[in-house]
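Everything below belongs to upload-v9.pdb, which stores PDB, C-alpha atoms and all ligand atoms.
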ATOM      1  CA  THR A 101      39.555 106.821  76.523
ATOM      2  CA  ASN A 102      42.224 104.175  77.135
ATOM      3  CA  ALA A 103      43.911 106.372  79.744
ATOM      4  CA  LEU A 104      46.389 104.433  81.861
ATOM      5  CA  THR A 105      46.636 106.884  84.737
ATOM      6  CA  THR A 106      43.094 106.236  85.921
ATOM      7  CA  ASN A 107      43.288 102.434  86.006
ATOM      8  CA  LEU A 108      44.790 102.111  89.496
ATOM      9  CA  THR A 109      43.421  99.074  91.294
ATOM     10  CA  SER A 110      44.533  96.108  93.418
ATOM     11  CA  PHE A 111      43.344  92.779  94.762
ATOM     12  CA  PHE A 112      41.008  93.196  97.739
ATOM     13  CA  ARG A 113      41.274  96.980  97.622
ATOM     14  CA  GLU A 114      39.107  98.457 100.402
ATOM     15  CA  ALA A 115      38.943  95.041 101.980
ATOM     16  CA  HIS A 116      35.924  95.532 104.227
ATOM     17  CA  HIS A 117      33.614  95.495 101.188
ATOM     18  CA  PHE A 118      34.568  91.891 100.500
ATOM     19  CA  GLU A 119      33.639  90.931 104.053
ATOM     20  CA  VAL A 120      30.228  92.570 103.594
ATOM     21  CA  LEU A 121      29.800  90.739 100.280
ATOM     22  CA  ALA A 122      30.788  87.408 101.882
ATOM     23  CA  GLU A 123      28.005  87.868 104.443
ATOM     24  CA  LEU A 124      25.494  88.600 101.682
ATOM     25  CA  LEU A 125      26.591  85.504  99.742
ATOM     26  CA  LYS A 126      26.351  83.261 102.799
ATOM     27  CA  ALA A 127      22.885  84.648 103.549
ATOM     28  CA  ARG A 128      21.771  83.936  99.961
ATOM     29  CA  GLY A 129      23.123  80.398 100.278
ATOM     30  CA  ARG A 130      24.422  78.002  97.671
ATOM     31  CA  GLN A 131      21.207  77.261  95.795
ATOM     32  CA  THR A 132      20.187  80.586  94.322
ATOM     33  CA  PRO A 133      22.147  81.868  91.341
ATOM     34  CA  ILE A 134      23.782  85.110  92.385
ATOM     35  CA  LYS A 135      24.606  87.966  90.030
ATOM     36  CA  ILE A 136      27.272  90.554  90.672
ATOM     37  CA  TRP A 137      28.226  93.491  88.463
ATOM     38  CA  CYS A 138      31.627  95.103  88.678
ATOM     39  CA  ALA A 139      31.114  98.367  86.817
ATOM     40  CA  ALA A 140      34.679  99.729  86.565
ATOM     41  CA  ALA A 141      36.656  96.524  86.537
ATOM     42  CA  SER A 142      39.933  97.981  85.259
ATOM     43  CA  THR A 143      42.641  95.297  84.871
ATOM     44  CA  GLY A 144      40.623  92.625  86.680
ATOM     45  CA  GLU A 145      41.901  92.590  90.250
ATOM     46  CA  GLU A 146      38.491  93.699  91.542
ATOM     47  CA  PRO A 147      36.330  91.105  89.709
ATOM     48  CA  TYR A 148      38.823  88.348  90.582
ATOM     49  CA  SER A 149      38.654  89.433  94.234
ATOM     50  CA  LEU A 150      34.867  89.101  93.928
ATOM     51  CA  ALA A 151      35.260  85.607  92.450
ATOM     52  CA  ILE A 152      37.645  84.562  95.248
ATOM     53  CA  THR A 153      35.204  85.952  97.827
ATOM     54  CA  ALA A 154      32.403  83.905  96.234
ATOM     55  CA  ALA A 155      34.522  80.743  96.113
ATOM     56  CA  GLU A 156      35.401  81.127  99.789
ATOM     57  CA  ALA A 157      31.985  82.212 101.076
ATOM     58  CA  LEU A 158      30.213  79.384  99.257
ATOM     59  CA  ASP A 159      33.067  76.907  99.696
ATOM     60  CA  SER A 160      33.265  75.953  96.025
ATOM     61  CA  LEU A 161      35.482  76.762  93.052
ATOM     62  CA  THR A 162      32.378  76.692  90.884
ATOM     63  CA  PRO A 163      29.726  78.463  92.952
ATOM     64  CA  SER A 164      26.465  79.489  91.356
ATOM     65  CA  VAL A 165      27.688  83.052  90.945
ATOM     66  CA  LYS A 166      27.956  85.074  87.757
ATOM     67  CA  ILE A 167      30.047  88.188  87.656
ATOM     68  CA  LEU A 168      29.716  90.791  84.926
ATOM     69  CA  ALA A 169      32.865  92.919  84.690
ATOM     70  CA  THR A 170      32.675  96.072  82.583
ATOM     71  CA  ASP A 171      34.937  99.014  81.847
ATOM     72  CA  ILE A 172      35.116 101.712  79.202
ATOM     73  CA  ASP A 173      38.759 100.848  78.473
ATOM     74  CA  THR A 174      39.084  97.855  76.144
ATOM     75  CA  GLN A 175      42.808  97.556  76.813
ATOM     76  CA  VAL A 176      42.385  97.020  80.564
ATOM     77  CA  LEU A 177      39.597  94.541  79.819
ATOM     78  CA  GLU A 178      42.031  92.484  77.726
ATOM     79  CA  THR A 179      44.428  92.334  80.669
ATOM     80  CA  ALA A 180      41.517  91.425  82.927
ATOM     81  CA  GLN A 181      40.348  88.653  80.631
ATOM     82  CA  ALA A 182      43.865  87.188  80.418
ATOM     83  CA  GLY A 183      44.167  87.129  84.223
ATOM     84  CA  VAL A 184      47.967  87.210  84.163
ATOM     85  CA  TYR A 185      49.721  89.447  86.712
ATOM     86  CA  PRO A 186      53.233  90.126  87.958
ATOM     87  CA  GLU A 187      53.734  88.084  91.146
ATOM     88  CA  GLU A 188      54.018  91.238  93.285
ATOM     89  CA  ARG A 189      50.383  92.059  92.507
ATOM     90  CA  VAL A 190      49.275  89.128  94.669
ATOM     91  CA  ASP A 191      51.780  89.775  97.478
ATOM     92  CA  LYS A 192      49.095  90.700  99.995
ATOM     93  CA  LEU A 193      47.025  87.564  99.475
ATOM     94  CA  ASP A 194      47.703  84.802 101.956
ATOM     95  CA  ASP A 195      49.702  81.764 100.840
ATOM     96  CA  ALA A 196      46.673  79.455 100.751
ATOM     97  CA  GLN A 197      44.862  81.893  98.440
ATOM     98  CA  LYS A 198      47.905  82.192  96.168
ATOM     99  CA  ARG A 199      48.166  78.404  95.922
ATOM    100  CA  ARG A 200      44.455  77.818  95.425
ATOM    101  CA  TYR A 201      43.596  80.552  92.929
ATOM    102  CA  PHE A 202      46.779  81.186  90.932
ATOM    103  CA  ARG A 203      49.262  79.233  88.840
ATOM    104  CA  ARG A 204      52.879  80.329  88.684
ATOM    105  CA  GLY A 205      54.319  80.953  85.265
ATOM    106  CA  ALA A 206      57.458  79.173  84.077
ATOM    107  CA  GLY A 207      59.955  79.953  81.297
ATOM    108  CA  ALA A 208      58.912  83.110  79.472
ATOM    109  CA  ASN A 209      56.175  83.581  82.108
ATOM    110  CA  ALA A 210      58.476  83.373  85.134
ATOM    111  CA  GLY A 211      57.633  86.070  87.680
ATOM    112  CA  ARG A 212      53.992  86.053  86.671
ATOM    113  CA  VAL A 213      50.903  84.305  87.984
ATOM    114  CA  ARG A 214      47.714  83.356  86.164
ATOM    115  CA  VAL A 215      44.277  83.205  87.722
ATOM    116  CA  ILE A 216      42.825  79.672  87.586
ATOM    117  CA  ASP A 217      40.235  78.903  84.895
ATOM    118  CA  GLU A 218      37.406  78.331  87.404
ATOM    119  CA  LEU A 219      37.606  81.942  88.584
ATOM    120  CA  ARG A 220      37.877  83.291  85.032
ATOM    121  CA  GLU A 221      34.845  81.263  84.004
ATOM    122  CA  MET A 222      32.748  82.946  86.685
ATOM    123  CA  ILE A 223      33.298  86.307  84.981
ATOM    124  CA  SER A 224      32.141  87.864  81.683
ATOM    125  CA  PHE A 225      34.169  90.851  80.564
ATOM    126  CA  ARG A 226      32.366  93.456  78.437
ATOM    127  CA  PRO A 227      33.018  97.050  77.408
ATOM    128  CA  LEU A 228      30.588  99.585  78.845
ATOM    129  CA  ASN A 229      30.718 103.351  79.138
ATOM    130  CA  LEU A 230      28.849 104.393  82.279
ATOM    131  CA  LEU A 231      27.968 107.625  80.466
ATOM    132  CA  ASP A 232      25.963 105.733  77.827
ATOM    133  CA  ALA A 233      22.285 106.688  77.783
ATOM    134  CA  ARG A 234      21.202 103.085  78.282
ATOM    135  CA  TYR A 235      22.823 100.048  79.816
ATOM    136  CA  PRO A 236      22.269  96.807  77.896
ATOM    137  CA  MET A 237      22.544  94.365  80.813
ATOM    138  CA  ARG A 238      19.630  92.797  82.550
ATOM    139  CA  GLY A 239      19.262  92.811  86.322
ATOM    140  CA  PRO A 240      18.572  92.258  88.999
ATOM    141  CA  PHE A 241      22.042  92.151  90.493
ATOM    142  CA  ASP A 242      22.551  91.061  94.095
ATOM    143  CA  ALA A 243      25.581  93.309  94.347
ATOM    144  CA  ILE A 244      27.030  96.086  92.222
ATOM    145  CA  PHE A 245      30.581  97.302  92.726
ATOM    146  CA  CYS A 246      31.118 100.735  91.199
ATOM    147  CA  ARG A 247      34.204 101.901  92.987
ATOM    148  CA  ASN A 248      36.645 104.717  92.362
ATOM    149  CA  VAL A 249      35.155 105.836  89.082
ATOM    150  CA  MET A 250      32.355 108.197  90.204
ATOM    151  CA  ILE A 251      35.063 110.570  91.497
ATOM    152  CA  TYR A 252      35.729 111.483  87.858
ATOM    153  CA  PHE A 253      32.185 112.772  87.344
ATOM    154  CA  ASP A 254      30.357 115.840  88.639
ATOM    155  CA  LYS A 255      27.339 115.440  90.899
ATOM    156  CA  PRO A 256      24.630 115.708  88.212
ATOM    157  CA  THR A 257      26.465 113.038  86.192
ATOM    158  CA  GLN A 258      26.795 110.836  89.289
ATOM    159  CA  ARG A 259      23.041 111.169  89.854
ATOM    160  CA  ASP A 260      22.414 110.277  86.242
ATOM    161  CA  ILE A 261      24.599 107.133  86.513
ATOM    162  CA  LEU A 262      23.049 106.128  89.852
ATOM    163  CA  GLY A 263      19.627 106.546  88.256
ATOM    164  CA  LYS A 264      20.587 103.947  85.627
ATOM    165  CA  ILE A 265      22.320 101.573  88.036
ATOM    166  CA  ALA A 266      19.779 101.510  90.886
ATOM    167  CA  PRO A 267      16.946  99.882  88.877
ATOM    168  CA  LEU A 268      19.348  97.023  88.064
ATOM    169  CA  LEU A 269      19.894  96.292  91.753
ATOM    170  CA  SER A 270      17.618  93.797  93.486
ATOM    171  CA  PRO A 271      15.534  95.441  96.258
ATOM    172  CA  ASP A 272      17.784  93.921  98.930
ATOM    173  CA  GLY A 273      20.944  94.117  96.811
ATOM    174  CA  LEU A 274      24.020  96.102  97.801
ATOM    175  CA  PHE A 275      25.783  98.911  95.984
ATOM    176  CA  PHE A 276      29.457  99.403  96.828
ATOM    177  CA  ALA A 277      31.167 102.748  96.197
ATOM    178  CA  GLY A 278      34.795 103.758  96.623
ATOM    179  CA  HIS A 279      35.868 104.945 100.074
ATOM    180  CA  SER A 280      36.242 108.536  98.934
ATOM    181  CA  GLU A 281      32.846 108.589  97.234
ATOM    182  CA  SER A 282      29.565 109.503  98.877
ATOM    183  CA  PHE A 283      26.091 110.005  97.508
ATOM    184  CA  PHE A 284      24.324 112.155 100.065
ATOM    185  CA  HIS A 285      23.161 114.255  97.098
ATOM    186  CA  ALA A 286      21.274 111.221  95.786
ATOM    187  CA  THR A 287      19.445 109.832  98.815
ATOM    188  CA  ASP A 288      16.308 109.582  96.680
ATOM    189  CA  ILE A 289      18.167 106.981  94.567
ATOM    190  CA  VAL A 290      20.477 105.160  97.002
ATOM    191  CA  THR A 291      20.468 104.962 100.792
ATOM    192  CA  SER A 292      23.646 104.557 102.806
ATOM    193  CA  ILE A 293      23.682 101.503 105.059
ATOM    194  CA  GLY A 294      27.255 101.802 106.308
ATOM    195  CA  ARG A 295      30.738 102.623 105.166
ATOM    196  CA  THR A 296      30.294 103.346 101.412
ATOM    197  CA  VAL A 297      27.695 100.568 101.115
ATOM    198  CA  TYR A 298      24.236 101.473  99.814
ATOM    199  CA  ARG A 299      20.857  99.990  98.992
ATOM    200  CA  ARG A 300      18.308 101.189  96.473
ATOM    201  CA  THR A 301      16.102 103.797  98.064
ATOM    202  CA  ALA A 302      12.631 102.321  98.526
ATOM    203  CA  ARG A 303       9.959 104.232  96.618
TER     204      ARG A 303
HETATM  205  C1  LIG A 401      40.700 104.025  89.352
HETATM  206  S1  LIG A 401      40.046 102.676  88.388
HETATM  207  C2  LIG A 401      39.118 101.815  89.624
HETATM  208  C3  LIG A 401      39.144 100.330  89.422
HETATM  209  C4  LIG A 401      38.396  99.519  90.471
HETATM  210  N1  LIG A 401      36.969  99.767  90.416
HETATM  211  C5  LIG A 401      38.935  99.773  91.839
HETATM  212  O1  LIG A 401      38.255 100.436  92.645
HETATM  213  O2  LIG A 401      40.040  99.323  92.164
HETATM  214  C6  LIG A 401      38.801 103.504  87.422
HETATM  215  C7  LIG A 401      38.307 102.692  86.227
HETATM  216  O3  LIG A 401      37.149 103.337  85.694
HETATM  217  C8  LIG A 401      37.165 103.218  84.310
HETATM  218  N2  LIG A 401      36.310 104.267  83.732
HETATM  219  C9  LIG A 401      36.572 105.586  83.607
HETATM  220  N3  LIG A 401      35.553 106.226  83.018
HETATM  221  C10 LIG A 401      34.600 105.281  82.763
HETATM  222  C11 LIG A 401      33.319 105.302  82.157
HETATM  223  N4  LIG A 401      32.800 106.442  81.677
HETATM  224  N5  LIG A 401      32.628 104.142  82.054
HETATM  225  C12 LIG A 401      33.149 102.991  82.524
HETATM  226  N6  LIG A 401      34.356 102.903  83.108
HETATM  227  C13 LIG A 401      35.080 104.032  83.223
HETATM  228  C14 LIG A 401      38.634 103.371  83.947
HETATM  229  O4  LIG A 401      38.900 102.821  82.659
HETATM  230  C15 LIG A 401      39.304 102.606  85.085
HETATM  231  O5  LIG A 401      39.548 101.268  84.735
END
Render the structure in this file as structure tokens.
Ligand SMILES: C[S@@+](CC[C@H](N)C(=O)[O-])C[C@H]1O[C@@H](n2cnc3c(N)ncnc32)[C@H](O)[C@@H]1O
Amino acid sequence: TNALTTNLTSFFREAHHFEVLAELLKARGRQTPIKIWCAAASTGEEPYSLAITAAEALDSLTPSVKILATDIDTQVLETAQAGVYPEERVDKLDDAQKRRYFRRGAGANAGRVRVIDELREMISFRPLNLLDARYPMRGPFDAIFCRNVMIYFDKPTQRDILGKIAPLLSPDGLFFAGHSESFFHATDIVTSIGRTVYRRTAR
């Protein structure tokens, strides 16, 4: 299952989702603890982009936000947990973000950057196979990112996964899919509210 070819990811991939999330976070405000689940976290760029979005939206390096980052692949989760990346991986971030959220490596770590501890502490990394019959985590989540993994499953399997994810979403929470994924075969479970952003379908 530790298949490298399917781990493609990047910081702020499909950037408009992070703008939508920032709006949700600002609307929730600083007081309420916010829970986000990143369900195919790969090597960590996605959950760290979520943490940066939270830090910026709530104007704090230690916002009241908890991010659960899961993946089936334990090797990518180790990379994610370490939070160390070749400098080119953060090329597209602006200079202020690079300075604020990363430390440059020296000596043996030259050419690499490490995510700051505050961002890493916002995130728990755990193995999870989306095909498992039951998910052990407790909701509700204010946002669930499950991007660019459903494409590997057929429609009945996607429905099955959505059926396990949706109950973990708060009634006004948001579900984010990859830009090439759509769930018009599952409108009884999730309802599209814009470009690859969904809510739980009200019952
Ligand atoms: C193409 S990456 C997408 C990463 C990230 N979500 C993004 O959009 O940039 C797909 C990820 O899904 C994970 N994955 C594949 N099958 C899975 C499964 N059954 N359960 C959980 N994760 C899975 C892979 O290990 C990989 O890290």
Mind checking which residues fall within 10 Å of stretch 153-159 of chain A, counting all atoms listed in the file, ignoring those fewer than 2 positions away in the same chain, and posting them as an mmCIF file with C-alpha atoms, in the frame of the given file?
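The new file around01.cif reads:
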data_model
loop_
_atom_site.group_PDB
_atom_site.id
_atom_site.type_symbol
_atom_site.label_atom_id
_atom_site.label_comp_id
_atom_site.auth_asym_id
_atom_site.auth_seq_id
_atom_site.Cartn_x
_atom_site.Cartn_y
_atom_site.Cartn_z
ATOM 1 C CA PHE A 112 41.008 93.196 97.739
ATOM 2 C CA PHE A 118 34.568 91.891 100.500
ATOM 3 C CA GLU A 119 33.639 90.931 104.053
ATOM 4 C CA LEU A 121 29.800 90.739 100.280
ATOM 5 C CA ALA A 122 30.788 87.408 101.882
ATOM 6 C CA GLU A 123 28.005 87.868 104.443
ATOM 7 C CA LEU A 124 25.494 88.600 101.682
ATOM 8 C CA LEU A 125 26.591 85.504 99.742
ATOM 9 C CA LYS A 126 26.351 83.261 102.799
ATOM 10 C CA ALA A 127 22.885 84.648 103.549
ATOM 11 C CA ARG A 128 21.771 83.936 99.961
ATOM 12 C CA GLY A 129 23.123 80.398 100.278
ATOM 13 C CA ARG A 130 24.422 78.002 97.671
ATOM 14 C CA GLN A 131 21.207 77.261 95.795
ATOM 15 C CA ILE A 134 23.782 85.110 92.385
ATOM 16 C CA PRO A 147 36.330 91.105 89.709
ATOM 17 C CA TYR A 148 38.823 88.348 90.582
ATOM 18 C CA SER A 149 38.654 89.433 94.234
ATOM 19 C CA LEU A 150 34.867 89.101 93.928
ATOM 20 C CA ALA A 151 35.260 85.607 92.450
ATOM 21 C CA LEU A 161 35.482 76.762 93.052
ATOM 22 C CA THR A 162 32.378 76.692 90.884
ATOM 23 C CA PRO A 163 29.726 78.463 92.952
ATOM 24 C CA SER A 164 26.465 79.489 91.356
ATOM 25 C CA VAL A 165 27.688 83.052 90.945
ATOM 26 C CA LYS A 166 27.956 85.074 87.757
ATOM 27 C CA ILE A 167 30.047 88.188 87.656
ATOM 28 C CA GLN A 197 44.862 81.893 98.440
ATOM 29 C CA TYR A 201 43.596 80.552 92.929
ATOM 30 C CA GLU A 218 37.406 78.331 87.404
ATOM 31 C CA LEU A 219 37.606 81.942 88.584
ATOM 32 C CA MET A 222 32.748 82.946 86.685
#
Surroundings of ligand LIG 401 (chain A) up to 10 Å, based on all atoms listed in the file, as a ChimeraX atom specification: /A:101-114,138-147,169-177,227-232,245-253,261,276-279
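For the choices A:Lys135, A:Arg214, A:Arg299, A:Arg203, the atom-to-atom distance to A:Phe275 is smallest for A:Arg299 when using all atoms listed in the file.
Residues in contact range of A:Gly273, defined as at most 8 Å between only C-alpha atoms, with sequence neighbours fewer than 3 positions away removed, read Phe241, Asp242, Ala243, Ile244, Leu269, Ser270, Arg299 and Arg300 of chain A.
Put simply, the PyMOL selection byres (((chain A and resi 297) around 7) and not hetatm) in this file takes in Leu274, Phe275, Phe276, Ala277, Ser292, Ile293, Gly294, Arg295, Thr296 and Tyr298 of chain A.
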Neighbour list for A:Lys255 as a list in words, cut-off 9 Å, all atoms listed in the file, skip fewer than 6 positions in-chain: Phe283, His285 and Ala286 of chain A
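Distances to A:Phe202 were evaluated for A:Pro256, A:Ala302, A:Ile152, A:Ala266 using all atoms listed in the file, and the minimum falls at A:Ile152.
Our summary of the geometry notes that atom CA of A:Ala182 is positioned 25.9 Å from atom CA of A:Gly239.
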Residue nearest A:Asp191 among A:Phe284, A:Thr179, A:Tyr235, A:Arg212 (counting all atoms listed in the file): A:Arg212
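Going from atom CA of A:Glu188 over to atom CA of A:His117, you cover 22.3 Å.
If you measure from each of A:Pro236, A:Ala115, A:Ile289, A:Glu178 to A:Leu193 using all atoms listed in the file, the closest one turns out to be A:Ala115.
Using all atoms listed in the file, the smallest distance between any of A:Ala196, A:Thr257, A:Val120, A:Thr287 and A:Arg303 comes from A:Thr287.
Taking all atoms listed in the file into account, A:Phe225 lies nearest to A:Gln181 out of the set A:Gln181, A:Thr132, A:Ser282, A:Ser160.
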For atom CA of A:Leu168 and atom CA of A:Glu221, the interatomic separation in Å (one decimal): 10.9 Å
Matched chain/residue IDs from the PyMOL selection byres (((chain A and resi 211) around 9) and not hetatm), as a PyMOL selection string: chain A and resi 185-188+204-206+208-210+212-213
Please, could you write that set of residues out with C-alpha atoms as a short mmCIF file (atom, residue, chain, number, x, y, z; two decimals), in the frame of the given file?
data_model
loop_
_atom_site.label_atom_id
_atom_site.label_comp_id
_atom_site.auth_asym_id
_atom_site.auth_seq_id
_atom_site.Cartn_x
_atom_site.Cartn_y
_atom_site.Cartn_z
CA TYR A 185 49.72 89.45 86.71
CA PRO A 186 53.23 90.13 87.96
CA GLU A 187 53.73 88.08 91.15
CA GLU A 188 54.02 91.24 93.28
CA ARG A 204 52.88 80.33 88.68
CA GLY A 205 54.32 80.95 85.26
CA ALA A 206 57.46 79.17 84.08
CA ALA A 208 58.91 83.11 79.47
CA ASN A 209 56.18 83.58 82.11
CA ALA A 210 58.48 83.37 85.13
CA ARG A 212 53.99 86.05 86.67
CA VAL A 213 50.90 84.30 87.98
#
Save stretch 125-135 of chain A from what I just supplied, as an mmCIF file, in the first residue's frame, atoms limited to all heavy atoms.
data_model
loop_
_atom_site.group_PDB
_atom_site.id
_atom_site.type_symbol
_atom_site.label_atom_id
_atom_site.label_comp_id
_atom_site.auth_asym_id
_atom_site.auth_seq_id
_atom_site.Cartn_x
_atom_site.Cartn_y
_atom_site.Cartn_z
ATOM 1 N N LEU A 125 -13.369 29.831 8.755
ATOM 2 C CA LEU A 125 -12.666 30.010 10.028
ATOM 3 C C LEU A 125 -12.952 31.385 10.620
ATOM 4 O O LEU A 125 -13.205 31.526 11.816
ATOM 5 C CB LEU A 125 -11.157 29.835 9.829
ATOM 6 C CG LEU A 125 -10.693 28.419 9.470
ATOM 7 C CD1 LEU A 125 -9.245 28.427 9.004
ATOM 8 C CD2 LEU A 125 -10.854 27.484 10.657
ATOM 9 N N LYS A 126 -12.957 32.404 9.756
ATOM 10 C CA LYS A 126 -13.234 33.760 10.244
ATOM 11 C C LYS A 126 -14.662 33.842 10.764
ATOM 12 O O LYS A 126 -14.920 34.494 11.766
ATOM 13 C CB LYS A 126 -12.993 34.783 9.145
ATOM 14 C CG LYS A 126 -11.515 34.997 8.857
ATOM 15 C CD LYS A 126 -11.344 36.023 7.751
ATOM 16 C CE LYS A 126 -9.941 35.975 7.188
ATOM 17 N NZ LYS A 126 -9.852 36.602 5.863
ATOM 18 N N ALA A 127 -15.587 33.163 10.070
ATOM 19 C CA ALA A 127 -16.988 33.180 10.507
ATOM 20 C C ALA A 127 -17.139 32.487 11.859
ATOM 21 O O ALA A 127 -17.926 32.904 12.705
ATOM 22 C CB ALA A 127 -17.869 32.521 9.459
ATOM 23 N N ARG A 128 -16.385 31.391 12.062
ATOM 24 C CA ARG A 128 -16.450 30.670 13.342
ATOM 25 C C ARG A 128 -15.846 31.517 14.468
ATOM 26 O O ARG A 128 -16.231 31.394 15.617
ATOM 27 C CB ARG A 128 -15.672 29.356 13.278
ATOM 28 C CG ARG A 128 -16.315 28.288 12.461
ATOM 29 C CD ARG A 128 -17.407 27.588 13.251
ATOM 30 N NE ARG A 128 -17.731 26.295 12.675
ATOM 31 C CZ ARG A 128 -18.431 26.115 11.573
ATOM 32 N NH1 ARG A 128 -18.918 27.155 10.923
ATOM 33 N NH2 ARG A 128 -18.667 24.903 11.104
ATOM 34 N N GLY A 129 -14.855 32.319 14.118
ATOM 35 C CA GLY A 129 -14.224 33.194 15.109
ATOM 36 C C GLY A 129 -13.170 32.485 15.917
ATOM 37 O O GLY A 129 -12.923 31.298 15.735
ATOM 38 N N ARG A 130 -12.529 33.232 16.815
ATOM 39 C CA ARG A 130 -11.375 32.711 17.532
ATOM 40 C C ARG A 130 -11.739 31.841 18.724
ATOM 41 O O ARG A 130 -10.925 31.060 19.190
ATOM 42 C CB ARG A 130 -10.565 33.879 18.098
ATOM 43 C CG ARG A 130 -9.603 34.468 17.121
ATOM 44 C CD ARG A 130 -9.216 35.827 17.651
ATOM 45 N NE ARG A 130 -8.082 36.343 16.920
ATOM 46 C CZ ARG A 130 -6.903 36.566 17.468
ATOM 47 N NH1 ARG A 130 -6.677 36.325 18.731
ATOM 48 N NH2 ARG A 130 -5.933 37.062 16.745
ATOM 49 N N GLN A 131 -12.945 32.023 19.270
ATOM 50 C CA GLN A 131 -13.278 31.370 20.530
ATOM 51 C C GLN A 131 -13.487 29.868 20.391
ATOM 52 O O GLN A 131 -12.894 29.082 21.102
ATOM 53 C CB GLN A 131 -14.524 32.009 21.162
ATOM 54 C CG GLN A 131 -14.181 33.075 22.202
ATOM 55 C CD GLN A 131 -13.548 34.315 21.569
ATOM 56 O OE1 GLN A 131 -13.764 34.569 20.392
ATOM 57 N NE2 GLN A 131 -12.785 35.072 22.322
ATOM 58 N N THR A 132 -14.351 29.506 19.432
ATOM 59 C CA THR A 132 -14.731 28.095 19.337
ATOM 60 C C THR A 132 -13.577 27.234 18.872
ATOM 61 O O THR A 132 -12.886 27.572 17.919
ATOM 62 C CB THR A 132 -15.871 27.905 18.315
ATOM 63 O OG1 THR A 132 -15.693 28.884 17.291
ATOM 64 C CG2 THR A 132 -17.225 28.036 18.958
ATOM 65 N N PRO A 133 -13.367 26.076 19.510
ATOM 66 C CA PRO A 133 -12.371 25.151 18.964
ATOM 67 C C PRO A 133 -12.868 24.606 17.627
ATOM 68 O O PRO A 133 -14.039 24.232 17.500
ATOM 69 C CB PRO A 133 -12.285 24.038 20.010
ATOM 70 C CG PRO A 133 -13.211 24.380 21.104
ATOM 71 C CD PRO A 133 -14.032 25.567 20.704
ATOM 72 N N ILE A 134 -11.994 24.606 16.660
ATOM 73 C CA ILE A 134 -12.371 24.168 15.316
ATOM 74 C C ILE A 134 -11.631 22.875 14.988
ATOM 75 O O ILE A 134 -10.450 22.735 15.307
ATOM 76 C CB ILE A 134 -12.032 25.282 14.297
ATOM 77 C CG1 ILE A 134 -12.967 26.472 14.529
ATOM 78 C CG2 ILE A 134 -12.139 24.771 12.863
ATOM 79 C CD1 ILE A 134 -12.530 27.740 13.875
ATOM 80 N N LYS A 135 -12.351 21.939 14.382
ATOM 81 C CA LYS A 135 -11.743 20.658 14.028
ATOM 82 C C LYS A 135 -11.767 20.446 12.517
ATOM 83 O O LYS A 135 -12.817 20.591 11.890
ATOM 84 C CB LYS A 135 -12.516 19.507 14.692
ATOM 85 C CG LYS A 135 -12.205 19.364 16.177
ATOM 86 C CD LYS A 135 -13.060 18.285 16.822
ATOM 87 C CE LYS A 135 -12.701 16.900 16.303
ATOM 88 N NZ LYS A 135 -13.400 15.825 17.065
#
